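Inspection log for the structure reproduced underneath, given as structure tokens.
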Amino acid sequence: MTDSSPERGECCDRSQGSSELSPTTETLDLSCRWTVLPLVVSALLWLVFGSLTLALGQIKLVAPGFMAGYELLSYGRLEGVTSSVLVFGFGIPALVASAVWLQCRLGQRALESALGLHIFGIVWNLALLAGVVGIITGDGTGLVGFELPRYATAPMACAYVVGAAVILLNVRLRLVREMYPTQWFLLLSVLWFGWSFTGAVFAQSLTTSGLLQYIVGLWFRQQYLWLTLVPGYLAVTMYLVPKLSRVPLQNRSMALIVFWTLVFLAPFGGIPGAAPLPAWLVGLGVVTHVLLLIPVLGLFFIFRNSRGSGDCPMRNTSEGRLISVASFFFVSAAVLSWLGNVTALTKMVDSTSFSKGVTALLLLGAFGLGVGALIHHMIPRLTGGGWANADVIRVQGLVSSVAVLGLAVAFVGAGISQGLKTSGSSGAVFDLVRVSRPFFALAVLSSLAYLGAQLLLLGAVVFQLFRSVNACCMPMISLWLTPIGSKKGVVRS
Amino acid sequence: MKHGPFIVVGLLLAAASSWSAIVLGPVIQWNDLQPFKDDTTGALYPARRPGLAEQGLEVFRAQGCFHCHSQNVRSAGVSSDMKQGLGARRTVALDFLYDSVVMPGEVRLGPDLANFGARARKGQGVDTNALVSSVLARLYNPQSKSPDSMMPRYPWLFEVRPKGQVADPLALKAEHGVTLGAGEELVPKPEAVALAHYLLSLDSNVSIFEAPIPAPPKAKANTNEMAAAGGATNVTTKP
């Protein structure tokens with residue numbers, strides 16, 4: 001049983017002869033151009049900023065004296081800023097932008113109520129900026145992965161509700177009633193983040209109990225990682241892989257299994273093995289991580305069967321290569337997460353940098369590269385022309401992939417070496433520092449490379465945007481600037 | 001799947017069950033969480049932190065110390081924390097009963113602080129000023145005591161001021177890498193003092209119902225002897 005969405009069918013049909021950018025797709029792209037592009041640019045700006053703070057933090061681990069006199073740039077605050085910016089600054093706006101464009105394409109309906117998405121973008125980014133300033137000045141909540149202060153999260157939640165409502169309205173108004181798997185996963189991401197984020201913000205504002213806030217923070221982190229960003233990556237994969245390989249999705253039933261197992265298993269994980277919490281809760285997390293291998297295996301088979309064989313066309317495009325690497329990172333993250341939770345490795349890697357490696361693989365590897373692949377694919381279509389320099393995009397994809405691999409190896413390697421040192425009865429903290437230092441040095445290099453790659457992507461997208469604006473507005477501007485007499489002449493001629 | 005509502009209802013069901021299990025479950029379980037009362041001494045554990053230590057908890061949060069320092073002694077089955085002397089028993093939720101922010105930490109790049117106060121008193125005595133001074137020196141220049149430490153300095157928690165007629169007892173000395181002009185002294189800001197008091201208040205070495213302190217080795221040997229004498233096990237004991 002295969003699946004071929006109308007948009008994909010259209011693509012396959014046109015690939016046999018005519019151009020893909022038919023008036024229909026052009027109209028669809030035009031309807032969401034000035035909604036999606038600002039969201040993508042803002043997401044990339046935050047990604048560059050997050051990569052910068054990530055690199056600064058890693059440098060401080062290797063050289064504690066680096067910029068040591070600045071309170072605003074202390075390691076503890078940089079860590080909080082990095083995770084907040086990468087998830088809420090890059091992840092969510094990039095997800096919303098992807099959802100809007102994919103929904104327009106797959107639903108075959110021009111974007112409606114774009115104003116709501118503009119409101120979302122403005123309020124979300126301003127509130128996030130306030131939150132980042134808050135963390136830097138010491139107002140963080142103290143919850144790992146959810147450090148944004150409440151005065152930032154409350155307006156962000158309101159803004160998200162508006163943005164999500166517009167997406168849901170567009171899902172409802174779609175012309176193609178049958179929902180393609182990409183749409184299921186987008187719906188999952190958008191709805192789940194809305195519920196979990198507003199739920200977490202609401203719960204935090206209602207209680208003063210530190211213990212309850214801690215558990216809400218743990219719960220919410222699992223929800224945005226596994227039920228917002230991972231489905232976002234899956235949606236992009238299920239759209240791009242069949243489209244690039246020109247093989248229908250293999251197959252819909254497997255996609256259905258991946259979807260529902262993810263929905264009913266992933267929300268129960270995320271409790272660290274040694275957390276000072278009731279044992280049944282920790283046990284639930286362990287069981288979840290074992291069972292999460294089911295959707296991962298499902299995705300593996302979908303990817304393997306849908307990417308075509310032999311001379312696969314996917315390999316010839318930068319987005320095809322990126323989505324393949326993203327899928328490799330996703331499977332690696334799931335396997336490492338399983339190893340870190342349910343095997344003898346648990347004892348060794350608990351409370352080490354290992355978990356940061358798994359998070360980096362999920363956030364920057366699976367989601368970051370997956371959405372990066374969609375940006376590579378989507379921007380030329382939205383701006384009405386191919387990339388100005390395809391080599392730059394190819395290099396950007398390559399450097400991003402290598403950098404994420406370097407970060408994952410650094411954190412996982414540091415975690416294992418720290419675990420080996422501390423699992424004995426006399427593991428001294430300073431031995432731990434010594435064994436970790438080479439890995440942290442690798443993390444510095446990788447984070448700098450990642451920063452460079454994202455700067456390159458931002459530059460390319462901004463240039464593409466500028467070119468598009470230029471092509472669209474310059475004839476009009478030059479017409480306005482032409483003296484009236486000669487303008488008549490132009491008209492006459 | 002053709003119908004969005006079907007997906008939405010399924011998602012809502014899954015989200016509600018996750019919220020109920022992970023968030024509501026512990027809330028119900030902790031609803032009657034009360035301090036543990038030691039029957040022999042009548043002492044309650046945990047006690048509320050003194051005001052200065054409570055302020056120090058906020059400084060600990062604001063500086064992001066939890067990104068490197070855990071406050072979580074793991075059980076003997078899954079770690080060697082207790083063997084390393086990080087604590088006499090595993091950390092449980094009750095240890096954080098009165099804390100407005102709970103920061104057990106997830107990555108341990110520096111020493112675990114769950115029993116920092118207990119360890120400091122064991123090593124350096126009970127003179128509070130001396131203990132606070134020692135913590136402050138570490139905050140100002142961690143490498144002065146441990147050259148290999150990767151802990152960053154916190155100079156913004158201190159200020160230089162002219163020496164008064166009476167020297168500040170907490171002023172840092174030259175041995176901590178302080179270089180000052182004549183007639184000046186480096187004194188901690190109130191945040192630094194609060195943070196030091198908070199760290200020194202960390203002591204969870206109290207045997208409680210859900211996490212009793214394991215019997216000391218000597219008592220264990222006696223148990224083994226009794227068991228051997230009764231023929232219940234084949235544990236060999238010293239003659």
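Please note that chains go A, B, ... in the order of the structure tokens, that every chain numbers its residues from 1, and that ligands are numbered from 1 in the order shown.
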Exercise. Mind checking which residues fall within 9 Å of A:Phe185, counting only C-alpha atoms, ignoring those fewer than 2 positions away in the same chain, and posting them as a VMD selection string?
Key: chain A and resid 181 to 183 187 to 190 228 231 to 236 259
Pull N, CA and C atoms from the residues just selected and write them as a PDB file, in the first residue's frame.
ATOM      1  N   PRO A 181       0.373  11.716   5.176  1.00  0.00           N
ATOM      2  CA  PRO A 181       1.078  11.535   6.448  1.00  0.00           C
ATOM      3  C   PRO A 181       1.816  12.776   6.949  1.00  0.00           C
ATOM      4  N   THR A 182       2.367  13.562   6.038  1.00  0.00           N
ATOM      5  CA  THR A 182       3.041  14.794   6.468  1.00  0.00           C
ATOM      6  C   THR A 182       2.086  15.678   7.264  1.00  0.00           C
ATOM      7  N   GLN A 183       0.831  15.729   6.801  1.00  0.00           N
ATOM      8  CA  GLN A 183      -0.150  16.571   7.497  1.00  0.00           C
ATOM      9  C   GLN A 183      -0.499  16.013   8.887  1.00  0.00           C
ATOM     10  N   LEU A 187       0.063  18.249  12.148  1.00  0.00           N
ATOM     11  CA  LEU A 187      -1.045  18.481  13.074  1.00  0.00           C
ATOM     12  C   LEU A 187      -0.628  18.069  14.490  1.00  0.00           C
ATOM     13  N   LEU A 188       0.041  16.933  14.579  1.00  0.00           N
ATOM     14  CA  LEU A 188       0.536  16.463  15.878  1.00  0.00           C
ATOM     15  C   LEU A 188       1.469  17.505  16.506  1.00  0.00           C
ATOM     16  N   SER A 189       2.447  17.976  15.747  1.00  0.00           N
ATOM     17  CA  SER A 189       3.407  18.953  16.267  1.00  0.00           C
ATOM     18  C   SER A 189       2.715  20.208  16.756  1.00  0.00           C
ATOM     19  N   VAL A 190       1.864  20.739  15.890  1.00  0.00           N
ATOM     20  CA  VAL A 190       1.253  22.039  16.177  1.00  0.00           C
ATOM     21  C   VAL A 190       0.317  21.937  17.383  1.00  0.00           C
ATOM     22  N   THR A 228       6.985  17.386  19.415  1.00  0.00           N
ATOM     23  CA  THR A 228       6.866  18.611  18.622  1.00  0.00           C
ATOM     24  C   THR A 228       7.963  18.637  17.559  1.00  0.00           C
ATOM     25  N   PRO A 231       8.120  15.001  15.476  1.00  0.00           N
ATOM     26  CA  PRO A 231       7.102  14.926  14.416  1.00  0.00           C
ATOM     27  C   PRO A 231       7.340  15.959  13.315  1.00  0.00           C
ATOM     28  N   GLY A 232       7.892  17.117  13.678  1.00  0.00           N
ATOM     29  CA  GLY A 232       8.217  18.116  12.662  1.00  0.00           C
ATOM     30  C   GLY A 232       9.216  17.556  11.665  1.00  0.00           C
ATOM     31  N   TYR A 233      10.234  16.873  12.204  1.00  0.00           N
ATOM     32  CA  TYR A 233      11.234  16.237  11.335  1.00  0.00           C
ATOM     33  C   TYR A 233      10.585  15.121  10.494  1.00  0.00           C
ATOM     34  N   LEU A 234       9.704  14.330  11.136  1.00  0.00           N
ATOM     35  CA  LEU A 234       9.050  13.225  10.414  1.00  0.00           C
ATOM     36  C   LEU A 234       8.165  13.756   9.290  1.00  0.00           C
ATOM     37  N   ALA A 235       7.481  14.876   9.558  1.00  0.00           N
ATOM     38  CA  ALA A 235       6.626  15.470   8.527  1.00  0.00           C
ATOM     39  C   ALA A 235       7.461  15.869   7.313  1.00  0.00           C
ATOM     40  N   VAL A 236       8.592  16.513   7.578  1.00  0.00           N
ATOM     41  CA  VAL A 236       9.461  16.956   6.484  1.00  0.00           C
ATOM     42  C   VAL A 236      10.006  15.747   5.726  1.00  0.00           C
ATOM     43  N   PHE A 259       3.053   6.910  13.513  1.00  0.00           N
ATOM     44  CA  PHE A 259       2.319   8.038  14.088  1.00  0.00           C
ATOM     45  C   PHE A 259       1.710   7.681  15.440  1.00  0.00           C
TER      46      PHE A 259
END
Exercise. Pick out the residues sitting within 8 Å of stretch 312-318 of chain A, and hand them over as a list in words; count only C-alpha atoms, and ignore anything fewer than 2 positions along from it in its own chain.
Key: Val241, Leu244, Ser245, Arg246, Arg307, Gly308, Ser309, Gly310, Gly320, Arg321, Leu322, Ala373, His376, Ile393, Arg394 and Gly397 of chain A
Enumerate, in order of chain and increasing residue number, the residues of chain B with an atom no farther than 6 Å from chain A, each with its shortest atom pair and distance in Å to one decimal, counting only C-alpha atoms, as CSV.
residue,atom,partner,partner_atom,distance
B:Lys2,CA,A:Glu178,CA,4.5
B:Ala14,CA,A:Phe264,CA,5.6
B:Ser18,CA,A:Pro267,CA,5.6
B:Arg61,CA,A:Gly142,CA,5.3
B:Ala62,CA,A:Gly138,CA,4.1
B:Gln63,CA,A:Gly76,CA,5.9
B:Gly64,CA,A:Gly76,CA,3.9
B:Cys65,CA,A:Gly76,CA,5.8
B:His67,CA,A:Gly76,CA,5.8
B:Val78,CA,A:Lys347,CA,5.1
B:Ser79,CA,A:Lys347,CA,5.9
B:Ser80,CA,A:Ser425,CA,5.7
B:Lys83,CA,A:Ser425,CA,5.4
B:Gln84,CA,A:Ser425,CA,5.3
B:Thr91,CA,A:Pro276,CA,5.8
B:Val92,CA,A:Pro276,CA,4.6
B:Ala93,CA,A:Pro276,CA,5.4
B:Asp99,CA,A:Gly210,CA,5.7
B:Ser100,CA,A:Gly210,CA,4.5
B:Val101,CA,A:Gly210,CA,4.4
B:Val102,CA,A:Gly210,CA,5.1
B:Glu106,CA,A:Ser351,CA,5.0
B:Val107,CA,A:Ser351,CA,4.4
B:Arg108,CA,A:Ser351,CA,5.5
B:Met150,CA,A:Pro64,CA,5.7
B:Pro152,CA,A:Pro64,CA,5.0
Just-selected residues, C-alpha atoms written as a PDB file, in the first residue's frame:
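To be explicit, this is the file written out as out-v6.pdb:
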ATOM      1  CA  LYS B   2      -9.414  11.559   6.091  1.00  0.00           C
ATOM      2  CA  ALA B  14      -2.814  10.662  24.576  1.00  0.00           C
ATOM      3  CA  SER B  18       0.467  11.637  29.703  1.00  0.00           C
ATOM      4  CA  ARG B  61      19.370  29.607  40.358  1.00  0.00           C
ATOM      5  CA  ALA B  62      20.176  33.003  38.865  1.00  0.00           C
ATOM      6  CA  GLN B  63      23.825  32.111  38.255  1.00  0.00           C
ATOM      7  CA  GLY B  64      22.865  28.810  36.594  1.00  0.00           C
ATOM      8  CA  CYS B  65      25.089  26.750  38.940  1.00  0.00           C
ATOM      9  CA  HIS B  67      24.136  23.341  34.863  1.00  0.00           C
ATOM     10  CA  VAL B  78      23.047   2.541  40.041  1.00  0.00           C
ATOM     11  CA  SER B  79      26.137   4.497  41.057  1.00  0.00           C
ATOM     12  CA  SER B  80      29.134   4.729  43.324  1.00  0.00           C
ATOM     13  CA  LYS B  83      31.148   4.985  48.066  1.00  0.00           C
ATOM     14  CA  GLN B  84      32.678   8.275  46.969  1.00  0.00           C
ATOM     15  CA  THR B  91      18.405  11.789  47.415  1.00  0.00           C
ATOM     16  CA  VAL B  92      14.589  11.741  47.400  1.00  0.00           C
ATOM     17  CA  ALA B  93      11.841  14.251  46.670  1.00  0.00           C
ATOM     18  CA  ASP B  99      12.596  24.623  48.126  1.00  0.00           C
ATOM     19  CA  SER B 100      10.918  27.134  45.841  1.00  0.00           C
ATOM     20  CA  VAL B 101      13.081  25.895  42.961  1.00  0.00           C
ATOM     21  CA  VAL B 102      14.184  22.275  42.678  1.00  0.00           C
ATOM     22  CA  GLU B 106      21.374  16.514  35.137  1.00  0.00           C
ATOM     23  CA  VAL B 107      25.019  16.913  34.231  1.00  0.00           C
ATOM     24  CA  ARG B 108      27.751  16.668  36.809  1.00  0.00           C
ATOM     25  CA  MET B 150      37.131  24.248  35.174  1.00  0.00           C
ATOM     26  CA  PRO B 152      34.562  29.881  36.189  1.00  0.00           C
TER      27      PRO B 152
END
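Atom CA of A:Ser205 lies 21.0 Å from atom CA of B:Val59.
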Quiz prompt | Within 10 Å of A:Leu455 using only C-alpha atoms, minus same-chain residues under 6 positions, as a VMD selection string | solution = chain A and resid 44 to 45 47 to 49 51 396 449 461
Quiz item: Skipping near chain neighbours, those fewer than 4 positions away, what residues fall within 10 Å of B:Arg48 using only C-alpha atoms, listed as a list in words?
Solution: Pro35, Leu44, Ala53, Glu54, Phe96, Leu97, Tyr98 and Asp99 of chain B
Practice problem: Would you return as an NGL selection string the members of stretch 143-202 of chain B that DSSP assigns to strand (DSSP E or B) on this structure's backbone? | Solution: :B and (158-162 or 172 or 184-188)
Export, as a JSON list (two decimals), in the first residue's frame, the selected residues with N, CA and C atoms.
[["chain", "number", "residue", "atom", "x", "y", "z"],
["B", 158, "PHE", "N", 31.70, 40.12, 44.14],
["B", 158, "PHE", "CA", 32.58, 40.78, 45.12],
["B", 158, "PHE", "C", 32.77, 42.24, 44.73],
["B", 159, "GLU", "N", 33.20, 43.04, 45.68],
["B", 159, "GLU", "CA", 33.48, 44.44, 45.37],
["B", 159, "GLU", "C", 34.69, 44.92, 46.16],
["B", 160, "VAL", "N", 35.42, 45.84, 45.54],
["B", 160, "VAL", "CA", 36.57, 46.44, 46.22],
["B", 160, "VAL", "C", 36.07, 47.69, 46.93],
["B", 161, "ARG", "N", 36.49, 47.83, 48.17],
["B", 161, "ARG", "CA", 36.09, 49.06, 48.89],
["B", 161, "ARG", "C", 37.22, 49.46, 49.85],
["B", 162, "PRO", "N", 37.23, 50.72, 50.25],
["B", 162, "PRO", "CA", 38.29, 51.16, 51.17],
["B", 162, "PRO", "C", 38.16, 50.43, 52.50],
["B", 172, "LEU", "N", 38.49, 38.90, 51.37],
["B", 172, "LEU", "CA", 39.39, 37.87, 50.84],
["B", 172, "LEU", "C", 40.84, 38.30, 51.01],
["B", 184, "GLU", "N", 42.73, 49.14, 50.53],
["B", 184, "GLU", "CA", 41.50, 48.57, 49.93],
["B", 184, "GLU", "C", 41.30, 47.14, 50.40],
["B", 185, "GLU", "N", 40.09, 46.69, 50.33],
["B", 185, "GLU", "CA", 39.82, 45.28, 50.63],
["B", 185, "GLU", "C", 38.74, 44.76, 49.68],
["B", 186, "LEU", "N", 38.80, 43.47, 49.45],
["B", 186, "LEU", "CA", 37.83, 42.84, 48.56],
["B", 186, "LEU", "C", 36.80, 42.12, 49.42],
["B", 187, "VAL", "N", 35.60, 42.60, 49.36],
["B", 187, "VAL", "CA", 34.57, 42.01, 50.23],
["B", 187, "VAL", "C", 33.46, 41.40, 49.38],
["B", 188, "PRO", "N", 32.82, 40.38, 49.90],
["B", 188, "PRO", "CA", 31.72, 39.77, 49.14],
["B", 188, "PRO", "C", 30.46, 40.64, 49.17]]
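Among the candidate residues A:Leu28, A:Ile379, A:Ala360, A:Val371, the one lying nearest to A:Ser337 is A:Ala360, with distances computed using only C-alpha atoms.
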Any chance you could list, as a CSV table (one decimal) with C-alpha atoms, in the first residue's frame, the residues in chain B that come up alpha helix (DSSP H) when DSSP is run on the backbone?
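Contents of result_11.csv, as written:
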chain,number,residue,atom,x,y,z
B,4,GLY,CA,-8.9,15.8,11.2
B,5,PRO,CA,-11.3,15.4,14.2
B,6,PHE,CA,-10.3,11.7,14.5
B,7,ILE,CA,-6.6,12.6,14.8
B,8,VAL,CA,-7.4,15.5,17.2
B,9,VAL,CA,-9.4,13.3,19.6
B,10,GLY,CA,-6.7,10.6,19.6
B,11,LEU,CA,-4.0,13.2,20.3
B,12,LEU,CA,-6.1,14.8,23.1
B,13,LEU,CA,-6.5,11.4,24.7
B,14,ALA,CA,-2.8,10.7,24.6
B,15,ALA,CA,-1.9,14.1,25.9
B,16,ALA,CA,-4.4,13.8,28.7
B,17,SER,CA,-3.1,10.4,29.8
B,18,SER,CA,0.5,11.6,29.7
B,19,TRP,CA,-0.4,14.7,31.8
B,25,GLY,CA,0.4,11.2,39.5
B,26,PRO,CA,3.2,12.7,41.5
B,27,VAL,CA,1.0,15.6,42.7
B,28,ILE,CA,-1.5,13.0,44.2
B,29,GLN,CA,1.4,11.0,45.6
B,51,GLY,CA,16.5,33.3,55.4
B,52,LEU,CA,20.0,34.0,54.2
B,53,ALA,CA,20.3,30.4,52.8
B,54,GLU,CA,16.8,30.8,51.1
B,55,GLN,CA,18.2,33.9,49.4
B,56,GLY,CA,21.2,32.0,48.4
B,57,LEU,CA,19.0,29.4,46.6
B,58,GLU,CA,17.8,32.2,44.4
B,59,VAL,CA,21.5,33.2,43.7
B,60,PHE,CA,22.3,29.6,42.8
B,61,ARG,CA,19.4,29.6,40.4
B,62,ALA,CA,20.2,33.0,38.9
B,116,PHE,CA,28.2,20.1,50.5
B,117,GLY,CA,27.5,21.6,53.9
B,118,ALA,CA,28.0,18.3,55.7
B,119,ARG,CA,31.3,17.7,53.9
B,120,ALA,CA,32.6,21.2,54.5
B,121,ARG,CA,31.8,20.9,58.3
B,122,LYS,CA,33.4,17.5,58.4
B,123,GLY,CA,36.6,18.8,56.8
B,124,GLN,CA,36.9,22.2,58.2
B,128,THR,CA,30.7,29.5,60.3
B,129,ASN,CA,32.8,32.5,59.4
B,130,ALA,CA,35.7,30.2,58.4
B,131,LEU,CA,33.4,28.0,56.4
B,132,VAL,CA,31.8,30.9,54.6
B,133,SER,CA,35.2,32.4,53.9
B,134,SER,CA,36.4,29.2,52.4
B,135,VAL,CA,33.3,29.0,50.0
B,136,LEU,CA,33.8,32.7,49.1
B,137,ALA,CA,37.5,32.1,48.2
B,138,ARG,CA,36.4,29.3,45.9
B,139,LEU,CA,33.7,31.5,44.3
B,140,TYR,CA,36.2,34.3,43.7
B,142,PRO,CA,38.3,28.4,42.1
B,143,GLN,CA,41.8,27.8,40.6
B,144,SER,CA,43.6,29.2,43.7
B,145,LYS,CA,42.7,26.0,45.6
B,190,PRO,CA,25.3,40.1,50.0
B,191,GLU,CA,24.5,37.7,47.1
B,192,ALA,CA,27.9,35.9,47.6
B,193,VAL,CA,27.3,35.6,51.3
B,194,ALA,CA,23.8,34.3,50.7
B,195,LEU,CA,25.1,31.8,48.2
B,196,ALA,CA,27.7,30.6,50.6
B,197,HIS,CA,25.1,30.1,53.4
B,198,TYR,CA,22.9,28.2,51.0
B,199,LEU,CA,25.7,25.9,50.0
B,200,LEU,CA,26.6,25.3,53.6
B,217,PRO,CA,30.1,-1.8,57.7
B,218,LYS,CA,30.7,-2.9,61.3
B,219,ALA,CA,27.0,-3.6,61.9
B,220,LYS,CA,26.9,-5.4,58.5
B,221,ALA,CA,29.7,-7.8,59.6
B,222,ASN,CA,27.8,-8.6,62.8
B,223,THR,CA,24.7,-9.4,60.7
B,224,ASN,CA,26.8,-11.7,58.5
B,225,GLU,CA,28.2,-13.4,61.6
B,226,MET,CA,24.7,-14.1,62.9
B,227,ALA,CA,23.6,-15.4,59.6
B,228,ALA,CA,26.6,-17.7,59.3
B,229,ALA,CA,26.0,-19.0,62.8
B,230,GLY,CA,22.4,-19.7,61.9
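For the atom pair formed by atom CA of B:Ile208 and atom CA of B:Ser70, the distance is 20.9 Å, given to one decimal.
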Quiz item: Mind pulling up the distance from atom CA of B:Gly85 to atom CA of A:Gly340?
Solution: 24.7 Å
